[in-house]
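So this block is protein-v6.csv, CSV, C-alpha atoms:
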```csv
chain,number,residue,atom,x,y,z
A,217,MET,CA,1.0,-13.3,-26.0
A,218,VAL,CA,1.8,-17.0,-25.6
A,219,ALA,CA,-0.1,-18.6,-22.8
A,220,PRO,CA,2.2,-19.9,-20.0
A,221,ARG,CA,2.5,-23.7,-19.7
A,222,ALA,CA,0.5,-25.2,-16.8
A,223,TYR,CA,2.5,-26.7,-14.0
A,224,TRP,CA,-0.3,-29.1,-13.1
A,225,LYS,CA,-3.7,-30.1,-14.5
A,226,GLY,CA,-6.5,-32.0,-13.1
A,227,SER,CA,-9.9,-31.5,-11.4
A,228,LEU,CA,-11.1,-29.4,-8.5
A,229,LYS,CA,-13.6,-31.4,-6.5
A,230,LEU,CA,-16.3,-30.3,-4.1
A,231,SER,CA,-18.4,-33.3,-3.0
A,232,LEU,CA,-20.0,-34.4,-6.3
A,233,VAL,CA,-19.2,-31.2,-8.1
A,234,SER,CA,-16.1,-31.3,-10.2
A,235,CYS,CA,-14.4,-29.1,-12.8
A,236,PRO,CA,-11.1,-29.3,-14.8
A,237,VAL,CA,-8.5,-26.8,-13.7
A,238,LEU,CA,-5.0,-25.7,-14.4
A,239,LEU,CA,-2.3,-24.8,-11.9
A,240,TYR,CA,0.3,-22.1,-12.6
A,241,PRO,CA,3.1,-21.0,-10.2
A,242,ALA,CA,2.3,-17.5,-9.0
A,243,SER,CA,5.9,-16.5,-8.3
A,244,THR,CA,9.1,-16.8,-10.2
A,245,THR,CA,12.9,-16.2,-9.7
A,246,ILE,CA,13.8,-16.0,-13.4
A,247,GLU,CA,14.5,-12.3,-13.2
A,248,LYS,CA,17.0,-12.6,-10.3
A,249,THR,CA,20.7,-12.2,-11.1
A,250,ARG,CA,22.5,-15.5,-10.9
A,251,PHE,CA,26.2,-16.4,-11.1
A,252,HIS,CA,28.1,-19.5,-12.2
A,253,LEU,CA,31.5,-20.7,-10.9
A,254,ILE,CA,34.2,-20.1,-13.5
A,255,ASN,CA,37.9,-20.6,-13.8
A,256,LYS,CA,39.6,-17.2,-13.2
A,257,GLU,CA,42.5,-18.1,-15.6
A,258,THR,CA,40.4,-19.4,-18.6
A,259,GLY,CA,37.0,-17.9,-18.0
A,260,ASN,CA,35.5,-21.3,-18.5
A,261,ARG,CA,32.6,-22.6,-16.4
A,262,LEU,CA,33.5,-25.1,-13.6
A,263,LYS,CA,31.9,-28.5,-13.0
A,264,GLN,CA,31.6,-29.8,-9.5
A,265,GLN,CA,32.5,-33.4,-8.6
A,266,LEU,CA,31.3,-35.7,-5.9
A,267,ILE,CA,34.1,-36.5,-3.4
A,268,ASP,CA,34.1,-39.3,-0.8
A,269,ALA,CA,34.3,-37.4,2.5
A,270,GLU,CA,36.5,-40.0,4.1
A,271,THR,CA,38.8,-41.3,1.2
A,272,GLY,CA,38.9,-38.1,-0.8
A,273,GLU,CA,38.3,-40.0,-4.0
A,274,VAL,CA,36.1,-38.8,-6.9
A,275,VAL,CA,32.8,-40.8,-7.0
A,276,ASP,CA,31.2,-41.7,-10.3
A,277,GLY,CA,27.5,-41.1,-10.9
A,278,GLU,CA,26.8,-44.9,-10.8
A,279,GLN,CA,28.1,-45.1,-7.2
A,280,LYS,CA,25.8,-42.3,-6.0
A,281,ALA,CA,23.0,-43.3,-3.6
A,282,ARG,CA,20.7,-41.8,-1.1
A,283,GLY,CA,21.3,-42.3,2.6
A,284,TYR,CA,19.6,-41.3,5.9
A,285,GLU,CA,21.9,-40.4,8.8
A,286,LEU,CA,20.9,-42.6,11.8
A,287,THR,CA,23.8,-41.4,14.0
A,288,LYS,CA,26.8,-39.3,13.4
A,289,GLY,CA,28.6,-40.7,10.3
A,290,LYS,CA,26.3,-43.8,10.1
A,291,TYR,CA,23.9,-44.0,7.2
A,292,VAL,CA,21.2,-46.4,6.1
A,293,GLU,CA,21.0,-46.6,2.3
A,294,ILE,CA,17.6,-46.2,0.6
A,295,ASP,CA,17.2,-47.7,-2.9
A,296,LYS,CA,15.3,-45.8,-5.6
A,297,ASP,CA,12.8,-48.6,-5.9
A,298,GLU,CA,12.2,-48.5,-2.1
A,299,LEU,CA,11.7,-44.7,-2.4
A,300,ASP,CA,9.4,-45.0,-5.3
A,301,ALA,CA,7.3,-47.5,-3.3
A,302,VAL,CA,6.4,-44.9,-0.7
A,303,GLN,CA,5.9,-42.0,-3.0
A,304,ILE,CA,2.3,-40.9,-3.6
A,305,GLU,CA,1.0,-41.1,-7.1
A,306,SER,CA,-1.0,-38.1,-8.2
A,307,ASN,CA,-4.7,-38.7,-8.8
A,308,HIS,CA,-4.8,-35.4,-10.6
A,309,SER,CA,-7.5,-34.0,-8.3
A,310,ILE,CA,-7.7,-31.2,-5.7
A,311,ASP,CA,-10.1,-32.6,-3.1
A,312,ILE,CA,-11.7,-29.9,-0.9
A,313,ASP,CA,-12.1,-31.2,2.6
A,314,SER,CA,-13.5,-28.1,4.4
A,315,PHE,CA,-14.1,-24.4,4.4
A,316,VAL,CA,-12.6,-22.3,7.2
A,317,PRO,CA,-12.7,-18.5,8.1
A,318,ARG,CA,-10.0,-16.7,6.3
A,319,ASN,CA,-8.6,-15.0,9.4
A,320,GLU,CA,-8.0,-18.4,11.1
A,321,ILE,CA,-5.1,-19.2,8.7
A,322,ASP,CA,-1.8,-18.7,10.5
A,323,LYS,CA,0.4,-16.8,8.0
A,324,ARG,CA,3.4,-18.9,9.1
A,325,TYR,CA,1.9,-21.9,7.4
A,326,LEU,CA,1.7,-20.2,4.0
A,327,ASN,CA,4.2,-21.6,1.5
A,328,HIS,CA,4.1,-21.5,-2.3
A,329,PRO,CA,1.3,-19.6,-4.2
A,330,TYR,CA,-0.4,-20.9,-7.4
A,331,TYR,CA,-2.9,-19.5,-9.8
A,332,ILE,CA,-5.9,-21.9,-10.4
A,333,ALA,CA,-7.8,-21.3,-13.6
A,334,PRO,CA,-10.5,-23.3,-15.4
A,335,ASP,CA,-9.4,-25.7,-18.1
A,336,GLY,CA,-11.7,-25.0,-21.0
A,337,LYS,CA,-15.4,-24.2,-21.0
A,338,ALA,CA,-16.6,-27.6,-19.8
A,339,GLY,CA,-16.5,-26.9,-16.1
A,340,LEU,CA,-16.6,-23.1,-16.1
A,341,ASP,CA,-20.0,-23.0,-14.4
A,342,ALA,CA,-18.9,-25.3,-11.5
A,343,PHE,CA,-15.7,-23.3,-11.2
A,344,ALA,CA,-17.6,-20.0,-10.9
A,345,VAL,CA,-20.1,-21.4,-8.4
A,346,ILE,CA,-17.3,-22.6,-6.1
A,347,ARG,CA,-15.4,-19.3,-6.4
A,348,ASP,CA,-18.4,-17.1,-5.8
A,349,ALA,CA,-19.7,-19.1,-2.9
A,350,MET,CA,-16.4,-18.6,-1.1
A,351,LYS,CA,-16.6,-14.8,-1.8
A,352,ASP,CA,-20.1,-14.6,-0.3
A,353,GLN,CA,-19.2,-16.4,2.9
A,354,ASP,CA,-15.6,-15.0,3.3
A,355,ARG,CA,-14.3,-18.5,3.7
A,356,VAL,CA,-11.3,-20.3,2.2
A,357,ALA,CA,-11.1,-24.0,1.2
A,358,LEU,CA,-8.7,-26.5,2.6
A,359,ALA,CA,-7.9,-29.2,0.1
A,360,ARG,CA,-5.3,-31.9,-0.7
A,361,ILE,CA,-3.2,-32.1,-3.7
A,362,VAL,CA,-0.2,-34.3,-4.8
A,363,LEU,CA,2.7,-32.3,-6.2
A,364,THR,CA,6.1,-34.0,-7.0
A,365,ASN,CA,5.0,-37.3,-5.3
A,366,ARG,CA,4.2,-35.5,-2.1
A,367,GLU,CA,0.7,-34.7,-0.7
A,368,HIS,CA,0.2,-31.1,0.3
A,369,VAL,CA,-2.5,-29.3,2.1
A,370,ILE,CA,-3.5,-26.3,0.0
A,371,VAL,CA,-5.7,-23.3,0.9
A,372,ILE,CA,-7.8,-22.0,-1.9
A,373,GLU,CA,-9.4,-18.5,-2.1
A,374,PRO,CA,-11.0,-16.3,-4.7
A,375,LEU,CA,-8.7,-14.0,-6.6
A,376,GLY,CA,-10.3,-11.8,-9.3
A,377,LYS,CA,-11.8,-14.1,-11.9
A,378,GLY,CA,-9.8,-17.1,-10.7
A,379,LEU,CA,-8.6,-18.8,-7.6
A,380,LEU,CA,-5.4,-18.5,-5.6
A,381,GLY,CA,-4.0,-21.7,-4.1
A,382,THR,CA,-1.3,-21.6,-1.5
A,383,THR,CA,0.4,-24.8,-0.3
A,384,LEU,CA,0.7,-24.9,3.5
A,385,ARG,CA,3.6,-26.1,5.6
A,386,PHE,CA,3.0,-29.0,8.0
A,387,PRO,CA,3.3,-28.3,11.8
A,388,TYR,CA,6.6,-30.2,12.0
A,389,GLU,CA,8.1,-27.7,9.6
A,390,LEU,CA,7.5,-24.7,11.9
A,391,ARG,CA,9.8,-23.8,14.7
A,392,ASP,CA,8.2,-23.1,18.1
A,393,ALA,CA,8.0,-19.3,18.7
A,394,ASP,CA,8.4,-19.9,22.5
A,395,ASP,CA,12.0,-21.0,21.9
A,396,TYR,CA,12.7,-17.4,20.7
A,397,PHE,CA,10.3,-15.3,22.7
A,398,ASP,CA,10.3,-16.8,26.1
A,399,ASP,CA,13.4,-14.9,27.3
A,400,ILE,CA,12.1,-11.5,26.2
A,401,LYS,CA,11.5,-9.4,29.3
A,402,SER,CA,8.5,-7.3,29.9
A,403,PRO,CA,9.7,-3.8,30.7
A,404,LYS,CA,7.5,-1.1,32.2
A,405,ILE,CA,6.4,1.2,29.4
A,406,THR,CA,4.6,4.4,30.2
A,407,LYS,CA,1.4,5.5,28.5
A,408,ASP,CA,3.2,8.6,27.2
A,409,MET,CA,5.7,6.5,25.4
A,410,VAL,CA,3.1,4.4,23.7
A,411,GLU,CA,1.1,7.5,22.7
A,412,LEU,CA,4.3,9.1,21.2
A,413,ALA,CA,5.1,5.9,19.3
A,414,GLY,CA,1.4,5.9,18.1
A,415,HIS,CA,1.9,9.4,16.7
A,416,ILE,CA,5.0,8.2,14.7
A,417,LEU,CA,3.0,5.3,13.4
A,418,ASP,CA,0.2,7.7,12.3
A,419,SER,CA,2.7,9.9,10.5
A,420,LYS,CA,3.9,6.9,8.5
A,421,ALA,CA,0.4,5.5,7.8
A,422,ALA,CA,0.0,4.2,4.2
A,423,HIS,CA,-1.6,1.5,2.1
A,424,PHE,CA,-0.1,-1.8,0.9
A,425,ASP,CA,1.4,-1.1,-2.5
A,426,PRO,CA,3.9,-3.8,-3.7
A,427,SER,CA,4.7,-1.7,-6.8
A,428,LYS,CA,6.8,0.5,-4.5
A,429,PHE,CA,9.0,-2.4,-3.3
A,430,LYS,CA,12.5,-1.8,-4.6
A,431,ASP,CA,15.2,-4.6,-4.5
A,432,ASP,CA,18.2,-2.4,-4.1
A,433,TYR,CA,20.6,-5.3,-4.0
A,434,GLU,CA,19.3,-6.8,-7.3
A,435,THR,CA,19.6,-3.3,-8.9
A,436,ALA,CA,23.2,-3.0,-7.6
A,437,LEU,CA,24.1,-6.5,-9.0
A,438,LYS,CA,22.8,-5.6,-12.4
A,439,THR,CA,24.7,-2.3,-12.4
A,440,LEU,CA,27.8,-4.2,-11.3
A,441,VAL,CA,27.5,-6.7,-14.1
A,442,LYS,CA,27.0,-4.0,-16.8
A,443,ARG,CA,29.9,-2.0,-15.7
A,444,LYS,CA,32.2,-5.0,-15.5
A,445,ALA,CA,31.1,-6.2,-18.9
A,446,ALA,CA,31.8,-2.7,-20.4
A,447,GLY,CA,35.2,-2.5,-18.8
A,448,LYS,CA,34.2,0.4,-16.6
A,449,PRO,CA,35.6,0.8,-13.0
A,450,VAL,CA,33.4,-0.3,-10.1
A,451,LYS,CA,33.2,2.0,-7.1
A,452,GLN,CA,33.3,0.4,-3.7
A,453,ALA,CA,30.3,1.4,-1.6
A,454,GLU,CA,31.1,3.1,1.7
A,455,PRO,CA,29.9,1.1,4.7
A,456,GLU,CA,26.9,2.6,6.4
A,457,GLN,CA,27.4,4.0,9.8
A,458,ARG,CA,25.5,2.1,12.5
A,459,PRO,CA,23.3,4.3,14.7
A,460,SER,CA,24.5,4.7,18.2
A,461,ASN,CA,22.6,2.9,21.0
A,462,VAL,CA,19.5,4.7,22.3
A,463,ILE,CA,20.1,5.8,25.8
A,464,ASN,CA,16.7,7.5,26.5
A,465,LEU,CA,13.7,6.0,24.7
A,466,MET,CA,11.5,9.0,25.5
A,467,ASP,CA,14.0,11.4,24.1
A,468,ALA,CA,14.4,9.3,21.0
A,469,LEU,CA,10.6,9.2,20.4
A,470,LYS,CA,10.4,13.0,20.9
A,471,GLN,CA,13.3,13.6,18.5
A,472,SER,CA,11.6,11.4,15.9
A,473,LEU,CA,8.5,13.5,16.0
A,474,LYS,CA,10.5,16.7,16.1
A,475,GLY,CA,12.6,15.6,13.1
A,476,ARG,CA,9.4,15.0,11.1
A,477,ALA,CA,8.0,18.4,12.0
A,478,THR,CA,11.3,20.2,11.1
A,479,GLY,CA,11.4,18.3,7.8
A,480,LYS,CA,8.6,20.4,6.5
A,481,LYS,CA,10.1,23.8,7.3
A,482,PRO,CA,12.5,24.2,4.4
A,483,ALA,CA,9.5,24.8,2.1
A,484,ARG,CA,8.8,28.1,4.1
A,485,ALA,CA,12.5,29.2,4.1
A,486,PRO,CA,12.5,31.1,0.8
A,487,ALA,CA,9.8,33.4,2.1
A,488,ARG,CA,12.3,34.9,4.6
A,489,ARG,CA,15.0,35.7,2.1
A,490,PRO,CA,13.5,38.9,0.5
A,491,ALA,CA,12.8,40.4,3.9
A,492,HIS,CA,16.4,39.6,4.9
A,493,ARG,CA,17.8,41.3,1.8
A,494,THR,CA,15.6,44.5,2.1
A,495,ALA,CA,16.8,44.9,5.7
A,496,ARG,CA,20.3,45.4,4.5
A,497,LYS,CA,19.5,48.1,1.8
A,498,PRO,CA,19.3,51.1,4.2
A,499,GLU,CA,22.7,50.3,5.6
A,500,ARG,CA,24.3,50.2,2.2
A,501,SER,CA,22.6,53.4,1.2
A,502,SER,CA,23.8,55.2,4.3
A,503,ALA,CA,27.3,54.0,3.7
A,504,ARG,CA,27.2,55.4,0.2
A,505,ARG,CA,25.9,58.8,1.4
A,506,ARG,CA,28.7,59.0,4.0
A,507,LYS,CA,31.3,58.2,1.4
A,508,ALA,CA,29.9,60.8,-1.0
A,509,GLY,CA,29.9,63.5,1.7
```
Please render this file's structure as structure tokens.
Amino acid sequence: MVAPRAYWKGSLKLSLVSCPVLLYPASTTIEKTRFHLINKETGNRLKQQLIDAETGEVVDGEQKARGYELTKGKYVEIDKDELDAVQIESNHSIDIDSFVPRNEIDKRYLNHPYYIAPDGKAGLDAFAVIRDAMKDQDRVALARIVLTNREHVIVIEPLGKGLLGTTLRFPYELRDADDYFDDIKSPKITKDMVELAGHILDSKAAHFDPSKFKDDYETALKTLVKRKAAGKPVKQAEPEQRPSNVINLMDALKQSLKGRATGKKPARAPARRPAHRTARKPERSSARRRKAG
């Protein structure tokens, strides 16, 4: 197996301890089905052009520039040299600033995951010491790293023999939850309702197993492409019926539990059939005797 190409390489630093590491993206979208824009008449792929929003004229690449919108329709142009002047050059190091309890990381801040592996045998001891120390204390590291000319905060935690680094969003990138939750009313919920809901939760208790995740839409897309490429007809899926509005929550909770209980009964149904058939035999025998007489 060919080793994947590293996305980033540099050093992991903890105070005076340093070790060379490699960074690999932990996720990929390569397997997702993608489409291109094509000409329906020729089947050729289409190219997009830049059009001036006001004049409607096609703009050449040399005329393209970056602009920041100050007010509606008014932009300030930023030259490439000016943009390069404020970009941060990577020092090719992951500088650990602090260690925090794992459960204090708000999941909304988690962004892109990366695998961090040692680069060669030179710093393997230092890498293992940092990794195992975090395992013992159940803490994760907060560090700084420069990726694509931007500095990111990255949380680092042990993962198997290596480390998992996940870049974090900055506070200005998160929307305020109060804007969405403030208008939610607080209805009076009875203890019986909560207990019934708890029983439903218990009946669906499981363990996290991502291998069971199924991307039905991706599967449908692949099937669609294969059938179209083979010249086979494509069936239109029937729209799913939306469930009716729940009128009585208590009845709905009871029905949910009842439905789960009755779902197990078909397994016992075959046991009744022999008894049902034997009950009819005397009637058929009597009828034959009457006919014979």
Can you find the residues with an atom no farther than 10 Å from (5.5, -28.7, -2.7), counting all atoms listed in the file, and report them as a list in words?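 Residues lying no farther than 10 Å from the given point: Asn327, His328, Ile361, Val362, Leu363, Thr364, Asn365, Arg366, Glu367, His368, Val369, Ile370, Thr382, Thr383, Leu384 and Arg385 of chain A.
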Find, counting only C-alpha atoms, the residue in A:Asp399, A:Asp394, A:Asp313, A:Glu273 that gets nearest to A:Lys229.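 Checking each candidate against A:Lys229, we get A:Asp313 as the closest.
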Which polymer residues have any atom within 6 Å of an atom of stretch 353-357 of chain A, counting all atoms listed in the file, with same-chain residues fewer than 6 positions away left out, as a PyMOL selection string? chain A and resi 314-318+371-373
Saved selection, atoms kept: C-alpha atoms, as a PDB file, in the frame of the given file:
```pdb
ATOM      1  CA  SER A 314     -13.500 -28.100   4.400  1.00  0.00           C
ATOM      2  CA  PHE A 315     -14.100 -24.400   4.400  1.00  0.00           C
ATOM      3  CA  VAL A 316     -12.600 -22.300   7.200  1.00  0.00           C
ATOM      4  CA  PRO A 317     -12.700 -18.500   8.100  1.00  0.00           C
ATOM      5  CA  ARG A 318     -10.000 -16.700   6.300  1.00  0.00           C
ATOM      6  CA  VAL A 371      -5.700 -23.300   0.900  1.00  0.00           C
ATOM      7  CA  ILE A 372      -7.800 -22.000  -1.900  1.00  0.00           C
ATOM      8  CA  GLU A 373      -9.400 -18.500  -2.100  1.00  0.00           C
TER       9      GLU A 373
END
```
List the neighbours of stretch 279-281 of chain A out to 10 Å using all atoms listed in the file; skip same-chain residues closer than 3 positions along the sequence, and give me the result as a ChimeraX atom specification. /A:266,275-276,293-296
Report, in Å with one decimal, the straight-line distance from atom CA of A:Gly259 to atom CA of A:Val441.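 Going from atom CA of A:Gly259 over to atom CA of A:Val441, I get 15.2 Å.
Using all atoms listed in the file, the nearest neighbour of A:Leu375 within the list A:Ile321, A:Val274, A:Ala242, A:Ala338 is A:Ala242.
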Counting only C-alpha atoms, figure out which residue out of A:Met466, A:Leu473, A:Leu379, A:Leu228 gets nearest to A:Ser419.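 Using only C-alpha atoms, A:Ser419 sits closest to A:Leu473.
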Excluding A:Gly226 and its own-chain neighbours fewer than 5 positions away, which residues fall within 9 Å of it when counting all atoms listed in the file? Please give them as a VMD selection string. chain A and resid 235 to 239 307 to 310 335
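Straight-line separation from atom CA of A:Phe424 to atom CA of A:Thr245: 22.1 Å.
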Under the rule that all atoms listed in the file are counted, which of A:Lys428, A:Trp224, A:Ile267, A:Ala436 is the nearest residue to A:Gln452?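 Of the candidates, the smallest distance to A:Gln452 is held by A:Ala436.
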